[in-house]
file run-v9.csv (CSV, C-alpha atoms)
chain,number,residue,atom,x,y,z
I,2,MET,CA,94.2,62.3,104.8
I,3,THR,CA,92.1,63.7,102.0
I,4,THR,CA,92.4,67.3,101.0
I,5,THR,CA,89.2,69.4,101.0
I,6,PRO,CA,88.9,71.6,97.9
I,7,ILE,CA,89.0,75.3,98.7
I,8,ALA,CA,85.8,77.2,98.0
I,9,PRO,CA,86.1,80.2,95.7
I,10,SER,CA,85.4,82.7,98.6
I,11,LEU,CA,88.3,81.3,100.7
I,12,VAL,CA,92.1,81.7,100.4
I,13,ALA,CA,94.6,79.2,101.6
I,14,THR,CA,96.9,80.0,104.5
I,15,LEU,CA,100.5,79.0,105.0
I,16,PRO,CA,100.9,75.3,105.9
I,17,GLY,CA,101.3,74.4,109.5
I,18,HIS,CA,105.1,73.8,109.5
I,19,TYR,CA,105.7,77.5,108.8
I,20,TYR,CA,104.8,78.0,112.5
I,21,THR,CA,106.7,75.1,114.0
I,22,ASP,CA,109.8,74.4,111.9
I,23,PRO,CA,113.0,75.5,113.6
I,24,GLU,CA,114.8,75.7,110.2
I,25,LEU,CA,112.2,78.0,108.7
I,26,PHE,CA,112.4,80.2,111.8
I,27,ARG,CA,116.2,80.3,111.3
I,28,LEU,CA,115.6,81.4,107.7
I,29,GLU,CA,113.2,84.1,109.0
I,30,GLN,CA,115.8,85.3,111.4
I,31,GLU,CA,118.3,85.7,108.5
I,32,ARG,CA,116.1,87.1,105.8
I,33,VAL,CA,113.5,89.0,107.8
I,34,PHE,CA,114.6,90.2,111.2
I,35,GLU,CA,118.3,90.6,110.3
I,36,SER,CA,117.6,92.1,106.9
I,37,MET,CA,114.8,94.7,107.7
I,38,TRP,CA,114.4,97.6,110.0
I,39,PHE,CA,113.6,96.4,113.5
I,40,CYS,CA,112.1,98.6,116.2
I,41,ALA,CA,114.5,98.1,119.1
I,42,VAL,CA,114.3,100.7,121.8
I,43,ARG,CA,112.2,103.7,122.9
I,44,GLY,CA,114.6,106.6,122.7
I,45,ALA,CA,113.5,108.2,125.9
I,46,ASP,CA,114.4,105.0,127.8
I,47,LEU,CA,118.0,105.9,127.1
I,48,ASP,CA,117.7,109.3,128.7
I,49,LYS,CA,121.4,110.1,129.4
I,50,PRO,CA,124.8,109.4,128.0
I,51,GLY,CA,125.9,105.9,128.9
I,52,ALA,CA,122.4,104.5,129.2
I,53,PHE,CA,122.1,101.3,127.2
I,54,ARG,CA,119.8,98.4,126.4
I,55,THR,CA,120.5,95.1,124.7
I,56,VAL,CA,117.8,93.6,122.4
I,57,GLN,CA,117.6,90.4,120.4
I,58,VAL,CA,117.4,91.0,116.7
I,59,GLY,CA,117.2,87.7,114.9
I,60,ARG,CA,120.2,85.7,116.1
I,61,GLU,CA,122.2,88.8,117.2
I,62,SER,CA,122.3,90.7,120.5
I,63,VAL,CA,122.3,94.4,119.6
I,64,LEU,CA,123.5,97.0,122.0
I,65,VAL,CA,121.9,100.4,121.8
I,66,THR,CA,123.4,103.3,123.8
I,67,ARG,CA,123.4,107.1,124.0
I,68,SER,CA,126.7,108.7,123.2
I,69,ARG,CA,128.4,111.5,125.2
I,70,THR,CA,127.0,114.0,122.6
I,71,GLY,CA,123.5,112.7,123.0
I,72,GLU,CA,123.1,110.6,119.8
I,73,LEU,CA,121.8,107.1,119.9
I,74,ARG,CA,124.3,104.4,118.7
I,75,ALA,CA,123.9,100.7,117.9
I,76,PHE,CA,126.5,98.0,117.9
I,77,LEU,CA,126.7,94.3,117.8
I,78,ASN,CA,127.0,93.3,121.5
I,79,VAL,CA,130.3,91.4,120.9
I,80,CYS,CA,133.8,92.3,122.0
I,81,ARG,CA,136.3,92.4,119.2
I,82,HIS,CA,139.0,90.5,121.2
I,83,ARG,CA,137.6,87.0,121.8
I,84,GLY,CA,133.9,87.5,121.2
I,85,ALA,CA,132.6,87.8,124.7
I,86,GLN,CA,129.2,89.5,125.1
I,87,LEU,CA,130.0,93.0,126.1
I,88,CYS,CA,126.8,93.8,128.1
I,89,THR,CA,125.1,90.9,129.7
I,90,GLN,CA,122.3,92.9,131.3
I,91,GLU,CA,119.1,93.8,129.4
I,92,SER,CA,119.6,97.5,130.4
I,93,GLY,CA,121.8,99.6,132.5
I,94,GLU,CA,124.1,102.7,132.6
I,95,VAL,CA,127.9,103.1,132.3
I,96,ARG,CA,129.7,106.3,133.4
I,97,ARG,CA,132.0,106.8,130.4
I,98,ASN,CA,132.9,103.6,128.6
I,99,LEU,CA,131.8,100.1,127.7
I,100,GLN,CA,134.1,97.4,129.1
I,101,CYS,CA,134.2,93.7,128.3
I,102,PRO,CA,134.0,91.8,131.6
I,103,TYR,CA,136.3,89.1,130.2
I,104,HIS,CA,139.6,90.8,129.3
I,105,ALA,CA,138.7,94.4,129.9
I,106,TRP,CA,138.9,95.6,126.4
I,107,THR,CA,137.2,99.0,126.7
I,108,TYR,CA,135.2,101.1,124.1
I,109,ASP,CA,133.9,104.6,124.2
I,110,LEU,CA,130.2,105.3,123.6
I,111,ASP,CA,130.9,105.8,119.9
I,112,GLY,CA,132.3,102.3,119.7
I,113,LYS,CA,136.0,103.1,119.4
I,114,LEU,CA,138.5,100.9,121.2
I,115,VAL,CA,140.1,103.2,123.9
I,116,ALA,CA,141.9,100.8,126.2
I,117,ALA,CA,143.0,97.2,126.8
I,118,PRO,CA,145.6,95.5,128.9
I,119,ASN,CA,149.0,96.1,127.3
I,120,LEU,CA,147.4,97.9,124.3
I,121,THR,CA,150.2,100.5,124.3
I,122,LYS,CA,152.7,97.7,123.5
I,123,MET,CA,150.7,97.0,120.4
I,124,PRO,CA,151.0,100.3,118.4
I,125,ASP,CA,150.0,98.6,115.2
I,126,VAL,CA,146.4,98.0,116.5
I,127,ASP,CA,144.2,100.6,114.9
I,128,ARG,CA,141.7,101.6,117.6
I,129,ALA,CA,139.0,102.6,115.2
I,130,GLU,CA,139.4,99.5,113.1
I,131,TYR,CA,139.1,97.3,116.2
I,132,GLY,CA,136.1,99.2,117.5
I,133,LEU,CA,132.7,97.7,118.0
I,134,ILE,CA,130.8,96.7,114.9
I,135,LYS,CA,128.3,99.4,114.1
I,136,VAL,CA,124.6,98.7,113.3
I,137,ALA,CA,122.5,101.1,111.2
I,138,LEU,CA,120.1,103.1,113.3
I,139,ARG,CA,117.2,105.5,112.5
I,140,GLU,CA,114.8,107.2,114.8
I,141,TRP,CA,111.1,107.4,114.1
I,142,LEU,CA,108.0,107.8,116.3
I,143,GLY,CA,110.4,108.2,119.3
I,144,TYR,CA,111.9,104.8,118.8
I,145,ALA,CA,115.3,103.6,117.6
I,146,TRP,CA,115.0,101.3,114.6
I,147,VAL,CA,118.1,99.2,113.8
I,148,CYS,CA,119.0,97.2,110.7
I,149,LEU,CA,121.7,94.5,110.5
I,150,ALA,CA,121.9,94.4,106.8
I,151,ASP,CA,125.1,95.5,105.1
I,152,GLU,CA,123.0,97.6,102.8
I,153,PRO,CA,119.7,98.4,104.7
I,154,PRO,CA,116.5,98.8,102.7
I,155,SER,CA,115.1,102.3,102.3
I,156,PHE,CA,113.7,103.4,105.6
I,157,GLU,CA,111.3,105.7,103.9
I,158,GLU,CA,109.8,103.0,101.7
I,159,THR,CA,109.7,100.0,104.1
I,160,VAL,CA,108.9,101.7,107.4
I,161,ILE,CA,107.4,105.2,106.9
I,162,GLY,CA,105.9,103.7,103.8
I,163,ALA,CA,103.7,101.5,106.0
I,164,ALA,CA,102.0,104.6,107.4
I,165,VAL,CA,101.4,105.9,103.9
I,166,GLU,CA,100.0,102.5,102.8
I,167,ARG,CA,97.7,102.3,105.7
I,168,LEU,CA,96.7,105.9,106.4
I,169,GLY,CA,97.1,107.4,103.0
I,170,ASN,CA,99.9,109.8,103.9
I,171,ALA,CA,102.7,110.2,106.5
I,172,ALA,CA,101.1,113.4,107.9
I,173,ALA,CA,98.2,111.4,109.4
I,174,ILE,CA,100.6,109.7,111.8
I,175,ASP,CA,102.9,112.7,112.3
I,176,ARG,CA,99.9,114.6,113.9
I,177,TYR,CA,100.1,112.4,116.9
I,178,ARG,CA,103.6,113.6,117.6
I,179,THR,CA,104.5,110.2,119.1
I,180,GLU,CA,108.1,111.2,119.6
I,181,GLY,CA,107.1,113.8,122.1
I,182,LEU,CA,104.7,111.6,124.1
I,183,ALA,CA,105.5,110.2,127.6
I,184,LEU,CA,105.4,106.6,128.6
I,185,GLY,CA,102.4,106.0,130.8
I,186,LYS,CA,102.6,102.2,131.0
I,187,ARG,CA,104.6,99.3,129.7
I,188,ILE,CA,103.6,95.7,129.8
I,189,THR,CA,105.7,92.9,128.6
I,190,TYR,CA,104.0,89.7,127.5
I,191,ASP,CA,105.8,86.3,127.0
I,192,VAL,CA,103.6,84.6,124.4
I,193,LYS,CA,104.0,80.9,123.6
I,194,SER,CA,103.2,81.4,120.0
I,195,ASN,CA,104.9,81.9,116.6
I,196,TRP,CA,105.3,85.6,115.7
I,197,LYS,CA,103.2,85.2,112.5
I,198,LEU,CA,100.2,84.1,114.4
I,199,ILE,CA,100.3,87.3,116.4
I,200,VAL,CA,100.7,89.4,113.3
I,201,GLU,CA,97.8,87.6,111.6
I,202,ASN,CA,95.6,88.1,114.6
I,203,PHE,CA,96.3,91.8,114.8
I,204,MET,CA,95.6,92.3,111.1
I,205,GLU,CA,92.0,90.9,111.2
I,206,CYS,CA,88.9,91.5,113.2
I,207,TYR,CA,86.9,88.4,112.2
I,208,HIS,CA,87.5,87.2,115.8
I,209,CYS,CA,86.6,90.5,117.5
I,210,ALA,CA,82.9,89.8,118.2
I,211,THR,CA,83.9,86.4,119.6
I,212,ILE,CA,86.7,87.3,122.1
I,213,HIS,CA,86.8,91.2,122.4
I,214,PRO,CA,83.5,92.2,124.1
I,215,GLU,CA,85.1,95.4,125.6
I,216,LEU,CA,86.6,96.5,122.3
I,217,THR,CA,83.5,96.0,120.3
I,218,GLU,CA,81.5,98.0,122.8
I,219,VAL,CA,83.8,101.0,122.1
I,220,LEU,CA,84.2,100.2,118.4
I,221,PRO,CA,80.9,98.7,117.3
I,222,GLU,CA,81.9,98.2,113.6
I,223,PHE,CA,84.5,95.7,114.8
I,224,ALA,CA,81.6,93.4,115.7
I,225,ASP,CA,81.0,93.0,111.9
I,226,GLY,CA,84.4,91.5,111.4
I,227,PHE,CA,86.1,94.3,109.4
I,228,ALA,CA,89.5,95.2,110.7
I,229,ALA,CA,90.7,98.8,110.8
I,230,GLN,CA,93.5,97.8,108.4
I,231,TYR,CA,91.1,96.6,105.8
I,232,TYR,CA,90.5,100.0,104.2
I,233,VAL,CA,93.2,102.6,103.5
I,234,GLY,CA,92.7,105.8,105.6
I,235,HIS,CA,89.7,104.4,107.5
I,236,GLY,CA,89.5,104.7,111.3
I,237,ALA,CA,86.9,102.7,113.2
I,238,GLU,CA,84.5,105.2,114.8
I,239,PHE,CA,83.7,105.2,118.5
I,240,GLY,CA,80.2,104.2,119.5
I,241,ASP,CA,77.6,107.0,119.9
I,242,GLU,CA,77.5,106.7,123.7
I,243,VAL,CA,81.3,106.1,124.1
I,244,LYS,CA,83.2,109.1,125.6
I,245,GLY,CA,86.8,107.7,125.4
I,246,PHE,CA,89.0,104.8,124.4
I,247,THR,CA,88.6,103.2,127.8
I,248,VAL,CA,87.6,99.8,129.2
I,249,ASP,CA,84.1,101.1,130.0
I,250,GLY,CA,83.8,103.8,127.4
I,251,SER,CA,84.2,106.5,130.0
I,252,GLU,CA,86.0,109.8,129.5
I,253,GLY,CA,89.6,109.6,128.5
I,254,PHE,CA,91.9,112.6,128.2
I,255,GLY,CA,92.0,115.6,125.9
I,256,LYS,CA,92.7,115.1,122.2
I,257,LEU,CA,96.3,115.4,121.4
I,258,PRO,CA,96.9,119.0,120.1
I,259,GLU,CA,97.6,118.3,116.4
I,260,VAL,CA,95.2,115.4,115.8
I,261,ALA,CA,92.9,116.5,113.0
I,262,GLU,CA,89.1,116.8,113.6
I,263,ASP,CA,88.4,114.0,111.2
I,264,GLN,CA,90.7,111.7,113.3
I,265,ASP,CA,88.9,112.5,116.5
I,266,ARG,CA,86.8,109.7,118.0
I,267,ARG,CA,88.4,107.2,115.7
I,268,TYR,CA,90.8,104.3,116.1
I,269,TYR,CA,93.5,103.6,113.5
I,270,ALA,CA,95.7,100.5,113.5
I,271,MET,CA,98.7,99.7,111.3
I,272,THR,CA,101.3,97.0,111.0
I,273,VAL,CA,104.9,97.9,110.2
I,274,LYS,CA,106.4,94.7,109.0
I,275,PRO,CA,107.8,92.6,110.4
I,276,THR,CA,107.2,93.1,114.1
I,277,VAL,CA,105.5,96.4,115.0
I,278,PHE,CA,101.9,97.4,115.6
I,279,VAL,CA,100.8,101.0,116.0
I,280,ASN,CA,97.4,101.9,117.5
I,281,LEU,CA,96.3,105.6,117.2
I,282,VAL,CA,93.4,107.0,119.3
I,283,PRO,CA,92.7,110.7,119.9
I,284,ASP,CA,94.3,111.0,123.3
I,285,HIS,CA,97.1,108.4,123.3
I,286,VAL,CA,99.2,105.9,121.2
I,287,ILE,CA,99.7,102.2,121.8
I,288,LEU,CA,102.8,100.7,120.2
I,289,HIS,CA,103.7,97.0,120.3
I,290,ARG,CA,107.2,95.7,119.6
I,291,MET,CA,107.6,92.0,119.0
I,292,PHE,CA,110.9,90.1,119.7
I,293,PRO,CA,110.6,86.6,118.1
I,294,MET,CA,112.7,84.3,120.3
I,295,ALA,CA,111.9,80.9,118.9
I,296,GLU,CA,109.4,79.3,116.5
I,297,ASP,CA,107.0,79.0,119.3
I,298,ARG,CA,107.8,81.9,121.6
I,299,THR,CA,107.5,85.7,121.1
I,300,ILE,CA,108.2,88.5,123.6
I,301,VAL,CA,105.8,91.4,123.0
I,302,GLU,CA,106.6,94.8,124.7
I,303,CYS,CA,103.6,97.1,124.7
I,304,ASP,CA,103.8,100.9,125.4
I,305,TRP,CA,101.0,103.2,126.2
I,306,LEU,CA,102.0,106.8,125.4
I,307,TYR,CA,100.3,110.0,126.5
I,308,ALA,CA,100.8,113.7,126.4
I,309,PRO,CA,103.6,114.5,128.9
I,310,GLU,CA,101.3,116.7,131.1
I,311,VAL,CA,98.8,113.8,131.5
I,312,VAL,CA,101.6,111.5,132.8
I,313,GLU,CA,103.2,114.2,134.9
I,314,SER,CA,99.9,115.1,136.6
I,315,GLY,CA,99.6,111.6,138.0
I,316,ALA,CA,96.3,111.1,136.2
I,317,ASP,CA,94.6,107.7,136.6
I,318,LEU,CA,95.5,105.8,133.4
I,319,SER,CA,94.0,102.5,134.5
I,320,LYS,CA,90.8,102.5,132.5
I,321,SER,CA,92.7,103.7,129.4
I,322,VAL,CA,95.4,101.0,129.8
I,323,GLU,CA,93.0,98.2,130.8
I,324,LEU,CA,91.1,98.3,127.5
I,325,PHE,CA,94.0,97.3,125.3
I,326,HIS,CA,95.6,95.2,128.0
I,327,ARG,CA,92.5,93.0,127.9
I,328,VAL,CA,92.6,93.0,124.1
I,329,ASN,CA,96.2,91.9,124.3
I,330,ALA,CA,95.5,89.1,126.8
I,331,GLN,CA,92.5,87.9,124.8
I,332,ASP,CA,94.5,87.9,121.5
I,333,PHE,CA,97.6,86.2,123.0
I,334,ALA,CA,95.5,83.5,124.6
I,335,ALA,CA,93.9,82.8,121.2
I,336,CYS,CA,97.4,82.6,119.6
I,337,GLU,CA,98.6,80.2,122.3
I,338,ARG,CA,95.5,78.1,121.7
I,339,THR,CA,96.3,78.0,118.0
I,340,GLN,CA,100.1,77.2,118.2
I,341,PRO,CA,99.8,73.6,119.2
I,342,ALA,CA,97.5,72.8,116.3
I,343,MET,CA,100.1,74.0,113.8
I,344,SER,CA,101.8,70.7,114.2
I,345,SER,CA,98.6,68.7,113.8
I,346,ARG,CA,98.1,66.6,110.8
I,347,ALA,CA,94.7,68.4,110.4
I,348,TYR,CA,96.7,71.6,109.6
I,349,ARG,CA,99.4,70.0,107.6
I,350,GLY,CA,98.1,71.8,104.4
I,351,GLY,CA,97.1,74.9,106.3
I,352,GLY,CA,93.8,76.5,106.9
I,353,VAL,CA,91.7,79.1,105.0
I,354,LEU,CA,91.0,82.8,105.1
I,355,VAL,CA,87.5,84.2,104.8
I,356,PRO,CA,86.9,87.3,102.6
I,357,THR,CA,87.5,89.8,105.5
I,358,GLU,CA,90.8,88.2,106.1
I,359,HIS,CA,92.1,88.1,102.5
I,360,HIS,CA,94.6,90.9,103.2
I,361,ILE,CA,96.5,88.3,105.5
I,362,GLY,CA,97.2,86.5,102.2
I,363,ILE,CA,99.1,89.5,101.1
I,364,PHE,CA,101.2,89.2,104.3
I,365,HIS,CA,101.9,85.6,103.4
I,366,GLU,CA,102.9,86.5,99.9
I,367,TRP,CA,105.3,89.1,101.3
I,368,LEU,CA,106.8,86.6,103.7
I,369,LEU,CA,107.4,84.0,101.0
I,370,LYS,CA,109.1,86.6,98.8
I,371,GLN,CA,111.4,87.5,101.7
I,372,LEU,CA,112.3,83.8,102.3
I,373,GLY,CA,112.9,83.1,98.7
I,374,ALA,CA,113.1,79.6,97.1
I,375,GLU,CA,114.3,78.0,100.3
I,376,GLY,CA,111.1,79.0,102.1
I,377,ALA,CA,108.8,77.6,99.5
call {"tool": "encode", "arguments": {"input": "run-v9.csv", "output": "structure tokens"}}
result
Amino acid sequence: MTTTPIAPSLVATLPGHYYTDPELFRLEQERVFESMWFCAVRGADLDKPGAFRTVQVGRESVLVTRSRTGELRAFLNVCRHRGAQLCTQESGEVRRNLQCPYHAWTYDLDGKLVAAPNLTKMPDVDRAEYGLIKVALREWLGYAWVCLADEPPSFEETVIGAAVERLGNAAAIDRYRTEGLALGKRITYDVKSNWKLIVENFMECYHCATIHPELTEVLPEFADGFAAQYYVGHGAEFGDEVKGFTVDGSEGFGKLPEVAEDQDRRYYAMTVKPTVFVNLVPDHVILHRMFPMAEDRTIVECDWLYAPEVVESGADLSKSVELFHRVNAQDFAACERTQPAMSSRAYRGGGVLVPTEHHIGIFHEWLLKQLGAEGA
């Protein structure tokens, strides 16, 4: 096939095989998901000692639990005896200890080996040394972020730094006090698409006028194709007749207490690489966590977070939730329509980015740097 020259106003995308090649996905698991901070669990979901959740981070199953003293801990979900998976359920609760269902090696909630059949006859076994393998953990925005790297990158630079890069300063996101909000709704989407297609979709609004009629009614400037992430510190303003960030523009809930006046009636979106989207509106926060499972499958868990008194009151959240649920469904359907074409000969050399999408090219450059020479 002949190659069409790229016009000066366009920028080349990644070639199609970056979205279909199992070996490239394996490289991403190693050098992206297993090397960076990964948003794993909402802290409030583990609301008591012994509560746990297992999450897939790259090729590893990671176990996040709350200790007897109330701190979150993360470990590789692997027994130190013969390698059996310690917890096979996605979530649950244990009373005091974590016990392997294979040979009953037992660990406390801080990961220390506390019991095993005939362990007393092996006094040379150091119970701390043979404890669970710890995983680095930090808390931010009310979520536990884990990192599998032996020497994790700076959390302040790579995670909190994303807020500074997008919003201009960390205080702009701190005002939403996400860590103190309550979960109003959670929807999990199983998307038959490569994770990068989902990231690229979220980063641009060139498609908004085409597939997001409800969103562009609330945020009219999105109909012009400029994404909220295109300008540092800019939030898309609600339409003049719009009362709230709801599916029909009707009244939402009261502005979160510390949100600044210049943030009112505005929508801010930010991507925290590699797999988190944060959406900020005056009365709630929407946070997406992606779990890439294969080169053509991604689980997306989306949380709608509100002031605790709103959730506790039993307020009707449906119009508020429905707006972004529709946006999600529309976006994920578009990504699923795109995924099959990534293996087409027509996309062998990739596609192009128009000027309002040029910032996606920066994402591609970042990814290629993470992958190194092997990903070129």
call {"tool": "residues_around", "arguments": {"input": "run-v9.csv", "residues": "Phe278 (chain I)", "least_positions_apart": "2", "cutoff": "9 Å", "atoms": "all atoms listed in the file", "output": "ChimeraX atom specification"}}
result
/I:200,203,270-274,276,280,287-291
call {"tool": "residues_near_point", "arguments": {"input": "run-v9.csv", "point": "(89.1, 79.8, 98.9)", "cutoff": "10 Å", "atoms": "only C-alpha atoms", "output": "PyMOL selection string"}}
result
chain I and resi 6-14+352-356+359
call {"tool": "residues_around", "arguments": {"input": "run-v9.csv", "residues": "His213 (chain I)", "least_positions_apart": "3", "cutoff": "9 Å", "atoms": "only C-alpha atoms", "output": "PDB file with C-alpha atoms, in the coordinates of the input"}}
result
ATOM      1  CA  HIS I 208      87.500  87.200 115.800  1.00  0.00           C
ATOM      2  CA  CYS I 209      86.600  90.500 117.500  1.00  0.00           C
ATOM      3  CA  ALA I 210      82.900  89.800 118.200  1.00  0.00           C
ATOM      4  CA  LEU I 216      86.600  96.500 122.300  1.00  0.00           C
ATOM      5  CA  THR I 217      83.500  96.000 120.300  1.00  0.00           C
ATOM      6  CA  GLU I 218      81.500  98.000 122.800  1.00  0.00           C
ATOM      7  CA  ALA I 224      81.600  93.400 115.700  1.00  0.00           C
ATOM      8  CA  ARG I 327      92.500  93.000 127.900  1.00  0.00           C
ATOM      9  CA  VAL I 328      92.600  93.000 124.100  1.00  0.00           C
ATOM     10  CA  GLN I 331      92.500  87.900 124.800  1.00  0.00           C
ATOM     11  CA  ASP I 332      94.500  87.900 121.500  1.00  0.00           C
TER      12      ASP I 332
END
call {"tool": "closest_residue", "arguments": {"input": "run-v9.csv", "among": "I:Ala334, I:Val279, I:Val126, I:Leu149", "to": "Arg167 (chain I)", "atoms": "all atoms listed in the file"}}
result
I:Val279
call {"tool": "atom_distance", "arguments": {"input": "run-v9.csv", "atom1": "CA of Tyr207 (chain I)", "atom2": "CA of Ala228 (chain I)"}}
result
7.4 Å
call {"tool": "closest_residue", "arguments": {"input": "run-v9.csv", "among": "I:Gly181, I:Pro275, I:Pro23, I:Gly350", "to": "Leu368 (chain I)", "atoms": "all atoms listed in the file"}}
result
I:Pro275
call {"tool": "atom_distance", "arguments": {"input": "run-v9.csv", "atom1": "CA of Ala261 (chain I)", "atom2": "CA of Glu222 (chain I)"}}
result
21.4 Å
call {"tool": "closest_residue", "arguments": {"input": "run-v9.csv", "among": "I:Met343, I:Cys88, I:Leu77, I:Val147", "to": "Ala52 (chain I)", "atoms": "only C-alpha atoms"}}
result
I:Cys88
call {"tool": "closest_residue", "arguments": {"input": "run-v9.csv", "among": "I:Gly234, I:Gly44, I:Pro221, I:Gly226", "to": "Trp146 (chain I)", "atoms": "only C-alpha atoms"}}
result
I:Gly44
call {"tool": "residues_around", "arguments": {"input": "run-v9.csv", "residues": "region 100-111 of chain I", "least_positions_apart": "3", "cutoff": "12 Å", "atoms": "all atoms listed in the file", "output": "NGL selection string"}}
result
:I and (49-53 or 64-76 or 78-90 or 94-97 or 114-120 or 128-136)
call {"tool": "residues_around", "arguments": {"input": "run-v9.csv", "residues": "Phe292 (chain I)", "least_positions_apart": "5", "cutoff": "12 Å", "atoms": "all atoms listed in the file", "output": "JSON, numbers by chain"}}
result
{"I": [30, 34, 35, 39, 40, 41, 42, 55, 56, 57, 58, 59, 60, 61, 62, 189, 190, 191, 192, 194, 195, 196, 197, 199, 275, 276, 277, 297, 298, 299, 300, 301, 302, 303]}
call {"tool": "atom_distance", "arguments": {"input": "run-v9.csv", "atom1": "CA of Arg266 (chain I)", "atom2": "CA of Phe239 (chain I)"}}
result
5.5 Å
call {"tool": "closest_residue", "arguments": {"input": "run-v9.csv", "among": "I:Leu257, I:Ala163, I:Leu138, I:Leu25", "to": "Pro283 (chain I)", "atoms": "only C-alpha atoms"}}
result
I:Leu257
call {"tool": "closest_residue", "arguments": {"input": "run-v9.csv", "among": "I:Ala137, I:Pro341, I:Glu313, I:Tyr232", "to": "Met204 (chain I)", "atoms": "only C-alpha atoms"}}
result
I:Tyr232
call {"tool": "residues_near_point", "arguments": {"input": "run-v9.csv", "point": "(82.6, 111.8, 123.9)", "cutoff": "12 Å", "atoms": "only C-alpha atoms", "output": "PyMOL selection string"}}
result
chain I and resi 219+238-247+250-256+265-267+283-284
call {"tool": "residues_around", "arguments": {"input": "run-v9.csv", "residues": "Trp141 (chain I)", "least_positions_apart": "6", "cutoff": "9 Å", "atoms": "all atoms listed in the file", "output": "PyMOL selection string"}}
result
chain I and resi 161+179-180
call {"tool": "write_last_selection", "arguments": {"input": "run-v9.csv", "atoms": "C-alpha atoms", "output": "short mmCIF file (atom, residue, chain, number, x, y, z; two decimals), keeping the file's coordinate frame"}}
result
data_model
loop_
_atom_site.label_atom_id
_atom_site.label_comp_id
_atom_site.auth_asym_id
_atom_site.auth_seq_id
_atom_site.Cartn_x
_atom_site.Cartn_y
_atom_site.Cartn_z
CA ILE I 161 107.40 105.20 106.90
CA THR I 179 104.50 110.20 119.10
CA GLU I 180 108.10 111.20 119.60
#
